[in-house]
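Asker: Handing you a structure now.
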Amino acid sequence: MQDAIALITRYYAAFNAAETEAMIACLAPDVAHHVNEGAIRIGHDQFRAFCAHMNRCYREHLTDIIVMATEDGARAAAEFTVNGTYLATDAGLPEARGQTYRLPAGGFFSVESGLITRVVTYYNLADWTAQVGASG
């Protein structure tokens, strides 16, 4: 359990430091990345491309991170607050004008052999849309 908690904590620390390669170091080569409201992306290359897109469109920092895991460490979850700025318009979403947002979110993980094999992220897209659509 503690190893899984440390792994997920390291993953989110890398996220907050905007260190994509450090995040990837926490992931199995065939990681399944389930994006909120999006397709499942498989592997490091697709994860890296997703991060590049996100870093272009958003600047985010996570706070209030709580990580928990099953006794065997095979499954983990995290709850956190996303504090962000919408930097560049993302296709199909409202126009970016530097709006800020704050959202509760969660992540779910599968862990095998010390690496994350599945990442699932959830947040309320309607809440985010209302926040960025109402600003500026």
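Order determines the names: the first chain of the structure tokens is A, the second B, and so forth; residues in each chain are numbered 1 upward, and ligands are numbered 1 upward as they are shown.
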Within 9 Å of segment 38-50 of chain A, counting only C-alpha atoms, which residues qualify if same-chain residues fewer than 6 places away don't, as a ChimeraX atom specification?

Answerer: /A:20-21,24,27-32

Asker: Please give the complete set of residues from chain A that DSSP, run on the backbone, assigns to alpha helix (DSSP H), formatted as a PyMOL selection string.

Answerer: chain A and resi 2-16+20-24+43-57+125-134

Asker: Using only C-alpha atoms, which residue out of A:Ser110, A:Thr89, A:Asn55, A:Gln99 lies closest to Leu7 of chain A?

Answerer: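 Using only C-alpha atoms, Leu7 of chain A sits closest to A:Ser110.
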
Asker: Within 12 Å of Glu79 of chain A, counting only C-alpha atoms, which residues qualify if same-chain residues fewer than 4 places away don't, as an NGL selection string?

Answerer: :A and (8-9 or 12 or 62-69 or 103-109 or 120-123)

Asker: Enter the distance from atom CA of Gly73 of chain A to atom CA of Ala17 of chain A, in Å, rounded to one decimal.

Answerer: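 Separating atom CA of Gly73 of chain A from atom CA of Ala17 of chain A is a distance of 24.8 Å.
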
Asker: When distances are computed from only C-alpha atoms, which of A:Arg10, A:Arg97, A:Glu71, A:Arg56 shows the smallest separation from Ile116 of chain A?

Answerer: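 Smallest separation from Ile116 of chain A among the options: A:Arg10.
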
Asker: Using atom CA of Tyr86 of chain A and atom CA of Met54 of chain A as the two end points, give the distance in Å to one decimal.

Answerer: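 Separation of atom CA of Tyr86 of chain A and atom CA of Met54 of chain A: 9.8 Å.
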
Asker: Which residues in chain A does DSSP call strand (DSSP E)? List them as an MDAnalysis selection string.

Answerer: chainID A and resid 27:34 40:42 58:69 75:86 100:112 115:123

Asker: What does the structure give for the distance between atom CA of His53 of chain A and atom CA of Gly133 of chain A, in Å to one decimal?

Answerer: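 Between these atoms lies a distance of 20.3 Å.
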